[in-house]
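K.L.:
Sharing data_21.txt below, compact mmCIF, C-alpha atoms and all ligand atoms:
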# COMPACT_ATOMS: atom_id res chain seq x y z
CA MET A 1 -7.33 -20.26 -26.30
CA SER A 2 -6.65 -19.11 -22.75
CA LEU A 3 -7.59 -15.62 -21.64
CA LEU A 4 -3.92 -14.71 -21.43
CA MET A 5 -3.20 -15.87 -24.98
CA SER A 6 -6.12 -13.85 -26.28
CA ILE A 7 -4.79 -10.69 -24.61
CA TRP A 8 -1.28 -11.56 -25.84
CA SER A 9 -2.46 -11.86 -29.42
CA ARG A 10 -3.72 -8.27 -29.28
CA VAL A 11 -0.58 -6.70 -27.76
CA LYS A 12 1.10 -4.38 -30.24
CA THR A 13 4.31 -2.79 -29.00
CA ALA A 14 7.49 -4.57 -27.90
CA THR A 15 7.38 -2.73 -24.57
CA GLU A 16 3.82 -3.85 -23.88
CA ARG A 17 4.75 -7.42 -24.81
CA ARG A 18 7.60 -7.31 -22.34
CA LEU A 19 5.45 -5.78 -19.59
CA PHE A 20 2.72 -8.32 -20.21
CA SER A 21 5.18 -11.20 -19.97
CA GLU A 22 6.48 -9.80 -16.65
CA TYR A 23 3.21 -8.76 -14.98
CA GLY A 24 0.44 -10.36 -17.05
CA ALA A 25 -0.56 -13.00 -14.49
CA VAL A 26 -2.78 -10.36 -12.88
CA PHE A 27 -5.18 -10.64 -15.84
CA THR A 28 -6.26 -14.10 -14.63
CA THR A 29 -7.60 -12.72 -11.35
CA SER A 30 -11.09 -13.65 -10.21
CA ALA A 31 -11.39 -10.05 -8.93
CA VAL A 32 -11.36 -7.07 -11.34
CA PRO A 33 -8.30 -7.10 -13.64
CA PRO A 34 -6.81 -3.87 -14.97
CA PRO A 35 -8.34 -2.65 -18.26
CA VAL A 36 -4.93 -2.09 -19.86
CA ILE A 37 -1.37 -3.42 -19.65
CA VAL A 38 -0.01 0.06 -18.93
CA PHE A 39 -2.06 2.94 -17.52
CA LYS A 40 -1.05 6.10 -19.35
CA ASP A 41 -1.49 8.63 -16.56
CA ALA A 42 -2.85 9.34 -13.09
CA ALA A 43 -6.31 10.18 -14.41
CA GLU A 44 -6.65 6.77 -16.05
CA VAL A 45 -5.57 5.01 -12.83
CA ASP A 46 -7.90 7.11 -10.67
CA ALA A 47 -10.82 6.43 -12.99
CA PHE A 48 -10.22 2.67 -12.79
CA GLN A 49 -9.66 2.64 -9.02
CA SER A 50 -12.88 4.61 -8.48
CA THR A 51 -14.88 1.75 -10.03
CA LEU A 52 -13.54 -0.87 -7.60
CA SER A 53 -15.04 -2.07 -4.35
CA THR A 54 -12.22 -1.82 -1.88
CA ARG A 55 -11.56 -2.72 1.71
CA ALA A 56 -8.94 -1.26 4.03
CA ALA A 57 -7.44 -3.04 7.02
CA ARG A 58 -4.41 -2.89 9.24
CA ILE A 59 -1.95 -5.62 8.24
CA GLY A 60 0.85 -5.63 10.77
CA GLU A 61 2.02 -2.04 11.20
CA HIS A 62 0.40 -0.55 8.14
CA GLN A 63 -3.04 0.39 6.87
CA ILE A 64 -3.51 -1.37 3.53
CA THR A 65 -6.22 -1.01 0.87
CA LEU A 66 -7.03 -3.72 -1.66
CA GLN A 67 -9.93 -4.87 -3.79
CA ASP A 68 -12.56 -6.45 -1.55
CA PRO A 69 -12.01 -10.14 -2.36
CA ALA A 70 -8.23 -9.67 -2.28
CA MET A 71 -8.38 -8.15 1.20
CA ASN A 72 -10.82 -10.79 2.46
CA ALA A 73 -8.46 -13.52 1.29
CA LEU A 74 -5.45 -11.77 2.80
CA LEU A 75 -7.21 -11.42 6.15
CA GLU A 76 -8.11 -15.12 6.01
CA ALA A 77 -4.44 -16.02 5.43
CA GLY A 78 -3.47 -13.71 8.29
CA ALA A 79 -6.03 -15.29 10.63
CA ARG A 80 -4.72 -18.78 9.85
CA ALA A 81 -1.14 -17.60 10.40
CA LYS A 82 -2.15 -16.20 13.77
CA GLN A 83 -3.80 -19.48 14.81
CA GLU A 84 -0.49 -21.17 14.09
CA GLY A 85 1.40 -18.64 16.18
CA SER A 86 3.01 -16.79 13.29
CA SER A 87 2.21 -13.49 11.66
CA LEU A 88 1.59 -12.03 8.25
CA SER A 89 2.30 -8.34 7.87
CA ALA A 90 2.87 -5.57 5.37
CA ARG A 91 6.45 -4.62 4.53
CA ALA A 92 5.72 -0.90 4.20
CA SER A 93 2.94 1.64 3.98
CA ASP A 94 2.87 1.25 0.18
CA SER A 95 2.60 -2.56 0.27
CA GLY A 96 -0.97 -2.51 -1.03
CA ALA A 97 -2.64 0.17 -3.14
CA ARG A 98 -0.51 2.65 -5.05
CA GLY A 99 -1.27 5.58 -7.30
CA TYR A 100 0.26 6.37 -10.67
CA ASP A 101 2.59 8.95 -9.17
CA ASP A 102 3.95 6.37 -6.72
CA THR A 103 4.96 4.11 -9.62
CA VAL A 104 6.65 7.07 -11.34
CA ARG A 105 8.54 8.02 -8.17
CA LEU A 106 9.83 4.47 -7.62
CA TRP A 107 10.80 4.19 -11.28
CA ILE A 108 12.73 7.48 -11.31
CA ARG A 109 14.58 6.55 -8.14
CA ASN A 110 15.94 3.39 -9.80
CA ILE A 111 16.64 5.18 -13.09
CA ASN A 112 18.71 7.87 -11.39
CA ARG A 113 20.67 5.33 -9.37
CA GLY A 114 21.34 3.28 -12.49
CA LEU A 115 22.42 6.28 -14.59
CA GLU A 116 24.85 7.28 -11.87
CA HIS A 117 26.16 3.73 -11.44
CA TRP A 118 26.80 3.12 -15.14
CA GLY A 119 28.11 6.65 -15.64
CA GLU A 120 30.71 6.20 -12.88
CA ARG A 121 31.87 2.98 -14.52
CA GLY A 122 32.27 4.63 -17.91
CA ARG A 123 29.61 2.39 -19.48
CA LEU A 124 27.24 5.24 -20.23
CA SER A 125 28.29 8.70 -21.43
CA ALA A 126 27.05 11.89 -19.79
CA PRO A 127 25.09 12.94 -22.93
CA GLU A 128 23.42 9.51 -23.03
CA ALA A 129 22.45 9.77 -19.36
CA ASP A 130 21.13 13.31 -19.88
CA ALA A 131 19.08 12.16 -22.85
CA VAL A 132 17.41 9.51 -20.68
CA ARG A 133 16.76 12.02 -17.88
CA GLY A 134 15.14 14.37 -20.38
CA LEU A 135 12.46 11.85 -21.38
CA ASP A 136 9.06 11.43 -19.79
CA PRO A 137 9.18 8.43 -17.43
CA ALA A 138 6.84 6.42 -19.67
CA ASP A 139 9.10 7.10 -22.66
CA GLN A 140 12.15 5.98 -20.67
CA VAL A 141 10.79 2.42 -20.49
CA PRO A 142 11.72 1.21 -24.00
CA VAL A 143 15.07 3.04 -23.80
CA ILE A 144 16.02 1.44 -20.48
CA LEU A 145 14.91 -2.02 -21.62
CA GLY A 146 17.05 -1.49 -24.72
CA LEU A 147 20.12 -0.58 -22.63
CA GLU A 148 19.53 -3.73 -20.58
CA ASP A 149 19.02 -6.04 -23.55
CA GLU A 150 21.68 -4.67 -25.87
CA ARG A 151 24.42 -3.44 -23.52
CA SER A 152 23.73 -5.36 -20.29
CA LEU A 153 23.39 -2.08 -18.40
CA PHE A 154 20.89 -3.32 -15.83
CA PHE A 155 18.81 -0.91 -13.78
CA GLY A 156 17.59 -3.35 -11.10
CA THR A 157 18.41 -2.47 -7.52
CA TYR A 158 21.74 -4.35 -7.59
CA PHE A 159 22.47 -3.59 -11.27
CA ASP A 160 22.56 -7.31 -12.09
CA ARG A 161 18.97 -7.75 -13.27
CA SER A 162 16.33 -5.90 -15.18
CA ILE A 163 14.73 -2.90 -13.54
CA LEU A 164 11.42 -4.73 -13.97
CA SER A 165 12.36 -7.17 -11.21
CA SER A 166 12.88 -4.25 -8.81
CA VAL A 167 10.22 -1.72 -9.79
CA ALA A 168 7.40 -1.78 -12.29
CA ALA A 169 7.35 0.52 -15.28
CA PRO A 170 5.26 3.67 -14.67
CA GLY A 171 1.60 2.72 -14.91
CA ALA A 172 2.28 -1.03 -15.12
CA SER A 173 2.39 -2.02 -11.45
CA GLN A 174 -0.06 -4.63 -10.20
CA HIS A 175 -0.36 -2.43 -7.10
CA LEU A 176 -2.33 0.06 -9.21
CA SER A 177 -5.05 -2.58 -9.59
CA LEU A 178 -5.20 -3.08 -5.81
CA LEU A 179 -4.39 -6.75 -6.34
CA ALA A 180 -0.80 -6.87 -5.08
CA PHE A 181 0.65 -7.08 -1.59
CA ASP A 182 4.25 -7.01 -0.39
CA VAL A 183 4.63 -9.32 2.59
CA MET A 184 7.21 -8.82 5.31
CA GLU A 185 7.57 -12.55 6.14
CA TYR A 186 8.25 -13.56 2.54
CA GLN A 187 11.08 -15.91 3.49
CA ASP A 188 8.72 -18.01 5.63
CA SER A 189 7.57 -20.90 3.44
CA ARG A 190 4.54 -21.51 5.66
CA ILE A 191 3.34 -17.95 5.01
CA GLU A 192 3.74 -18.60 1.29
CA GLN A 193 1.61 -21.78 1.62
CA LEU A 194 -1.08 -19.93 3.53
CA LEU A 195 -1.15 -17.14 0.95
CA ASN A 196 -1.33 -19.69 -1.88
CA SER A 197 -4.20 -21.51 -0.19
CA CYS A 198 -6.09 -18.19 -0.07
CA GLY A 199 -5.51 -17.37 -3.76
CA TRP A 200 -2.37 -15.21 -3.41
CA TYR A 201 0.71 -16.18 -5.46
CA ARG A 202 4.11 -14.89 -6.48
CA THR A 203 3.75 -13.78 -10.10
CA VAL A 204 6.68 -11.41 -10.71
CA GLN A 205 10.00 -13.19 -11.08
CA ASN A 206 12.72 -12.11 -8.65
CA ASP A 207 10.32 -9.93 -6.64
CA LEU A 208 10.16 -12.20 -3.61
CA PRO A 209 7.98 -10.16 -1.22
CA HIS A 210 5.42 -9.40 -3.93
CA PHE A 211 2.23 -11.50 -4.08
CA THR A 212 -0.72 -11.12 -6.44
CA TYR A 213 -4.33 -11.94 -5.77
CA LEU A 214 -5.44 -14.42 -8.44
CA GLY A 215 -8.28 -15.93 -6.39
CA HIS A 216 -7.93 -19.44 -7.82
CA SER A 217 -6.65 -22.74 -6.49
CA ALA A 218 -3.18 -23.70 -7.71
CA GLU A 219 -4.70 -26.59 -9.74
CA LYS A 220 -6.64 -24.11 -11.87
CA LEU A 221 -3.76 -21.80 -12.76
CA LYS A 222 -2.39 -23.84 -15.66
CA GLY A 223 -5.76 -23.88 -17.35
CA LEU A 224 -5.82 -20.08 -17.12
CA GLY A 225 -2.64 -19.76 -19.17
CA LEU A 226 -0.06 -19.56 -16.40
CA LYS A 227 3.03 -21.68 -15.90
CA LYS A 228 4.97 -22.28 -12.73
CA VAL A 229 8.68 -21.47 -12.73
CA GLN A 230 11.00 -22.17 -9.84
CA ARG A 231 14.14 -20.26 -9.00
CA ASP A 232 16.72 -20.65 -6.26
CA TYR A 233 17.72 -17.77 -4.03
CA GLY A 234 20.43 -18.95 -1.63
CA GLU A 235 19.19 -22.18 -0.07
CA THR A 236 15.56 -21.59 -0.88
CA THR A 237 13.52 -22.33 -3.98
CA TYR A 238 10.70 -19.94 -4.78
CA ALA A 239 7.86 -20.56 -7.21
CA PHE A 240 6.38 -17.93 -9.54
CA TRP A 241 3.29 -18.21 -11.71
CA ILE A 242 3.88 -16.32 -14.95
CA PRO A 243 2.12 -16.08 -18.32
CA GLU A 244 2.75 -19.07 -20.59
CA ILE A 245 3.40 -17.33 -23.88
CA SER A 246 5.02 -18.79 -26.91
ZN ZN A 301 4.93 -5.34 -4.85
Please rewrite the model in this file as structure tokens.
Ligand SMILES: [Zn+2]
P.N.:
Amino acid sequence: MSLLMSIWSRVKTATERRLFSEYGAVFTTSAVPPPVIVFKDAAEVDAFQSTLSTRAARIGEHQITLQDPAMNALLEAGARAKQEGSSLSARASDSGARGYDDTVRLWIRNINRGLEHWGERGRLSAPEADAVRGLDPADQVPVILGLEDERSLFFGTYFDRSILSSVAAPGASQHLSLLAFDVMEYQDSRIEQLLNSCGWYRTVQNDLPHFTYLGHSAEKLKGLGLKKVQRDYGETTYAFWIPEIS
């Protein structure tokens, strides 16, 4: 049984199953994987992050912190890009490490936009929207996923896809494990190849700039319980490595 299947067999709640199927590739990393599928609060994230060996570096315009081997591999990809006359840079200051509160802030931003959007269109009543707002962010997760699954009220950035393809649930982001990086030049297929050759892969469907440090060659990923899915965005096909779960 692959590592991923053994974690999968122990997952209890429907929300955790969903989050694992979206973000679970991170558990195959050769660096230090997160101890849980969802961190429950800032203290739990801080305690985990304090055990990690990290390295900070300037990647393009921004100072980025990652787990040591993840940063070393990223710098290697960047050095090869530079030799070829291109560049590899961070999209924003939060492209690498994040804290629990960052994931909550990003989540709430999308929730509020979605509540407003669906309210204006008469698809969600004011009392329903208020009830969602009144919940703790972590408790909003199953409710929002239910609205998406049962009523097609999507909370992704363009309201056409799940919120999970735009922002991670509070405490579930791979950025909390210091193993994710959002790359500015994500549309450049050569940059994708260089990242792949250094152990960085797309692992979250529809999140095109987001790469995850797995630290393995592509040939090894299947044996670790991942499958490759390809999706077209405009003229371009992008590949994602996601958990193979039955
Ligand atoms: Zn990301």
K.L.:
Select from chain A every residue with an atom at most 8 Å from any atom of ligand ZN 301 (chain A), then for each give the shortest pair of atoms and their distance in Å to one decimal, using all atoms listed in the file, rows by chain and rising number, as a tab-separated table.
P.N.:
residue	atom	partner	partner_atom	distance
A:Ser95	CA	A:ZN301	ZN	6.3
A:Gly96	CA	A:ZN301	ZN	7.6
A:Ser173	CA	A:ZN301	ZN	7.8
A:Gln174	CA	A:ZN301	ZN	7.4
A:His175	CA	A:ZN301	ZN	6.4
A:Ala180	CA	A:ZN301	ZN	5.9
A:Phe181	CA	A:ZN301	ZN	5.7
A:Asp182	CA	A:ZN301	ZN	4.8
A:Asp207	CA	A:ZN301	ZN	7.3
A:Pro209	CA	A:ZN301	ZN	6.8
A:His210	CA	A:ZN301	ZN	4.2
A:Phe211	CA	A:ZN301	ZN	6.8
K.L.:
Could you state the separation of CA of Trp107 in chain A and CA of Phe27 in chain A in Å, given to one decimal place?
P.N.:
22.3 Å
K.L.:
Just give me the gap between CA of Thr157 in chain A and CA of Asn110 in chain A in Å, one decimal is fine.
P.N.:
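It comes out at 6.8 Å.
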K.L.:
Figure out the distance between CA of Lys220 in chain A and CA of Val45 in chain A, please, to one decimal in Å.
P.N.:
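CA of Lys220 in chain A lies 29.2 Å from CA of Val45 in chain A.
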K.L.:
Box for range 14-28 of chain A: with edges along x, y and z, all listed atoms inside and 8 Å added on each side, what are the centre and edge lengths in Å to one decimal, as AutoDock Vina command-line options?
P.N.:
--center_x 0.7 --center_y -8.4 --center_z -20.4 --size_x 29.9 --size_y 27.4 --size_z 31.0
K.L.:
For the point (4.4, -20.7, -16.4) in file coordinates, what residues are within 6 Å, counting all atoms listed in the file? Give the answer as a PDB file with C-alpha atoms, keeping the file's coordinate frame?
P.N.:
ATOM      1  CA  LEU A 226      -0.060 -19.560 -16.400  1.00  0.00           C
ATOM      2  CA  LYS A 227       3.030 -21.680 -15.900  1.00  0.00           C
ATOM      3  CA  LYS A 228       4.970 -22.280 -12.730  1.00  0.00           C
ATOM      4  CA  VAL A 229       8.680 -21.470 -12.730  1.00  0.00           C
ATOM      5  CA  TRP A 241       3.290 -18.210 -11.710  1.00  0.00           C
ATOM      6  CA  ILE A 242       3.880 -16.320 -14.950  1.00  0.00           C
ATOM      7  CA  PRO A 243       2.120 -16.080 -18.320  1.00  0.00           C
ATOM      8  CA  GLU A 244       2.750 -19.070 -20.590  1.00  0.00           C
TER       9      GLU A 244
END
K.L.:
Residues of range 58-158 of chain A that have any atom at most 10 Å from an atom of range 195-199 of chain A: could you tabulate them with the shortest-distance atom pair and the distance in Å to one decimal, using all atoms listed in the file, ordered by chain and increasing number, as a tab-separated table?
P.N.:
residue	atom	partner	partner_atom	distance
A:Pro69	CA	A:Gly199	CA	9.8
A:Ala70	CA	A:Gly199	CA	8.3
A:Asn72	CA	A:Cys198	CA	9.1
A:Ala73	CA	A:Cys198	CA	5.4
A:Leu74	CA	A:Cys198	CA	7.1
A:Leu75	CA	A:Cys198	CA	9.3
A:Glu76	CA	A:Cys198	CA	7.1
A:Ala77	CA	A:Leu195	CA	5.7
A:Gly78	CA	A:Leu195	CA	8.4
A:Arg80	CA	A:Leu195	CA	9.7
A:Ala81	CA	A:Leu195	CA	9.5
A:Leu88	CA	A:Leu195	CA	9.3
K.L.:
Tell me which residues come within 8 Å of (3.6, -15.3, -8.4), as a ChimeraX atom specification, counting all atoms listed in the file in the file's coordinates.
P.N.:
/A:25,200-205,210-212,239-242
K.L.:
Measuring between all atoms listed in the file, which one of A:Asn112, A:Leu164, A:Glu148, A:Gln193 shows the shortest distance to Ser21 in chain A?
P.N.:
A:Leu164
K.L.:
From the set A:Ser2, A:Thr103, A:Ser177, A:Ser30, which residue has the shortest atom-to-atom contact distance to Asp46 in chain A, counting all atoms listed in the file?
P.N.:
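Among the listed residues, the smallest separation from Asp46 in chain A belongs to A:Ser177.
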K.L.:
Go through A:Ser87, A:Ile163, A:Ser93, A:Glu128 and flag the residue nearest Gly114 in chain A, using only C-alpha atoms for the distances.
P.N.:
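Looking only at the distances to Gly114 in chain A, the closest residue turns out to be A:Ile163.
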K.L.:
Which residue gives the smallest distance to Gly146 in chain A among A:Ser162, A:Ser189, A:Asn206, A:Gln230, with all atoms listed in the file counted?
P.N.:
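Result for the nearest residue to Gly146 in chain A: A:Ser162.
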K.L.:
Could you list, as a list in words, every residue within 9 Å of Gln187 in chain A, counting only C-alpha atoms and ignoring same-chain residues fewer than 5 positions away?
P.N.:
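Neighbouring residues, sequence-local ones excluded: Glu192, Leu208, Pro209 and Thr236 of chain A.
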K.L.:
I need the residues from that last selection saved to file as a PDB file, in the frame of the given file (with C-alpha atoms), if you can.
P.N.:
ATOM      1  CA  GLU A 192       3.740 -18.600   1.290  1.00  0.00           C
ATOM      2  CA  LEU A 208      10.160 -12.200  -3.610  1.00  0.00           C
ATOM      3  CA  PRO A 209       7.980 -10.160  -1.220  1.00  0.00           C
ATOM      4  CA  THR A 236      15.560 -21.590  -0.880  1.00  0.00           C
TER       5      THR A 236
END
K.L.:
If we count all atoms listed in the file, what is near Gln67 in chain A at a cut-off of 7 Å, once residues fewer than 6 positions away on the same chain are taken out, given as a list in words?
P.N.:
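Skipping anything fewer than 6 positions along the chain leaves Leu52, Ser53, Thr54, Arg55, Leu178 and Leu179 of chain A.
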K.L.:
Output range 26-37 of chain A with N, CA, C and O atoms present, as a short mmCIF file (atom, residue, chain, number, x, y, z; two decimals), keeping the file's coordinate frame.
P.N.:
data_model
loop_
_atom_site.label_atom_id
_atom_site.label_comp_id
_atom_site.auth_asym_id
_atom_site.auth_seq_id
_atom_site.Cartn_x
_atom_site.Cartn_y
_atom_site.Cartn_z
N VAL A 26 -1.69 -11.06 -13.56
CA VAL A 26 -2.78 -10.36 -12.88
C VAL A 26 -4.09 -10.43 -13.70
O VAL A 26 -5.18 -10.34 -13.14
N PHE A 27 -3.97 -10.61 -15.00
CA PHE A 27 -5.18 -10.64 -15.84
C PHE A 27 -6.02 -11.89 -15.61
O PHE A 27 -7.17 -11.95 -16.04
N THR A 28 -5.48 -12.89 -14.91
CA THR A 28 -6.26 -14.10 -14.63
C THR A 28 -7.07 -13.97 -13.33
O THR A 28 -7.75 -14.91 -12.95
N THR A 29 -6.96 -12.84 -12.66
CA THR A 29 -7.60 -12.72 -11.35
C THR A 29 -9.11 -12.95 -11.41
O THR A 29 -9.76 -12.59 -12.40
N SER A 30 -9.63 -13.51 -10.33
CA SER A 30 -11.09 -13.65 -10.21
C SER A 30 -11.72 -12.34 -9.74
O SER A 30 -12.94 -12.18 -9.77
N ALA A 31 -10.90 -11.40 -9.29
CA ALA A 31 -11.39 -10.05 -8.93
C ALA A 31 -11.42 -9.22 -10.22
O ALA A 31 -11.57 -9.77 -11.31
N VAL A 32 -11.27 -7.91 -10.13
CA VAL A 32 -11.36 -7.07 -11.34
C VAL A 32 -9.96 -6.81 -11.90
O VAL A 32 -9.15 -6.15 -11.24
N PRO A 33 -9.64 -7.34 -13.08
CA PRO A 33 -8.30 -7.10 -13.64
C PRO A 33 -8.18 -5.68 -14.17
O PRO A 33 -9.20 -5.02 -14.42
N PRO A 34 -6.96 -5.19 -14.37
CA PRO A 34 -6.81 -3.87 -14.97
C PRO A 34 -7.34 -3.87 -16.40
O PRO A 34 -7.35 -4.91 -17.05
N PRO A 35 -7.80 -2.71 -16.90
CA PRO A 35 -8.34 -2.65 -18.26
C PRO A 35 -7.26 -2.56 -19.33
O PRO A 35 -7.56 -2.71 -20.51
N VAL A 36 -6.04 -2.30 -18.91
CA VAL A 36 -4.93 -2.09 -19.86
C VAL A 36 -3.66 -2.70 -19.28
O VAL A 36 -3.58 -2.96 -18.08
N ILE A 37 -2.66 -2.91 -20.13
CA ILE A 37 -1.37 -3.42 -19.65
C ILE A 37 -0.59 -2.30 -18.96
O ILE A 37 0.05 -2.52 -17.94
#
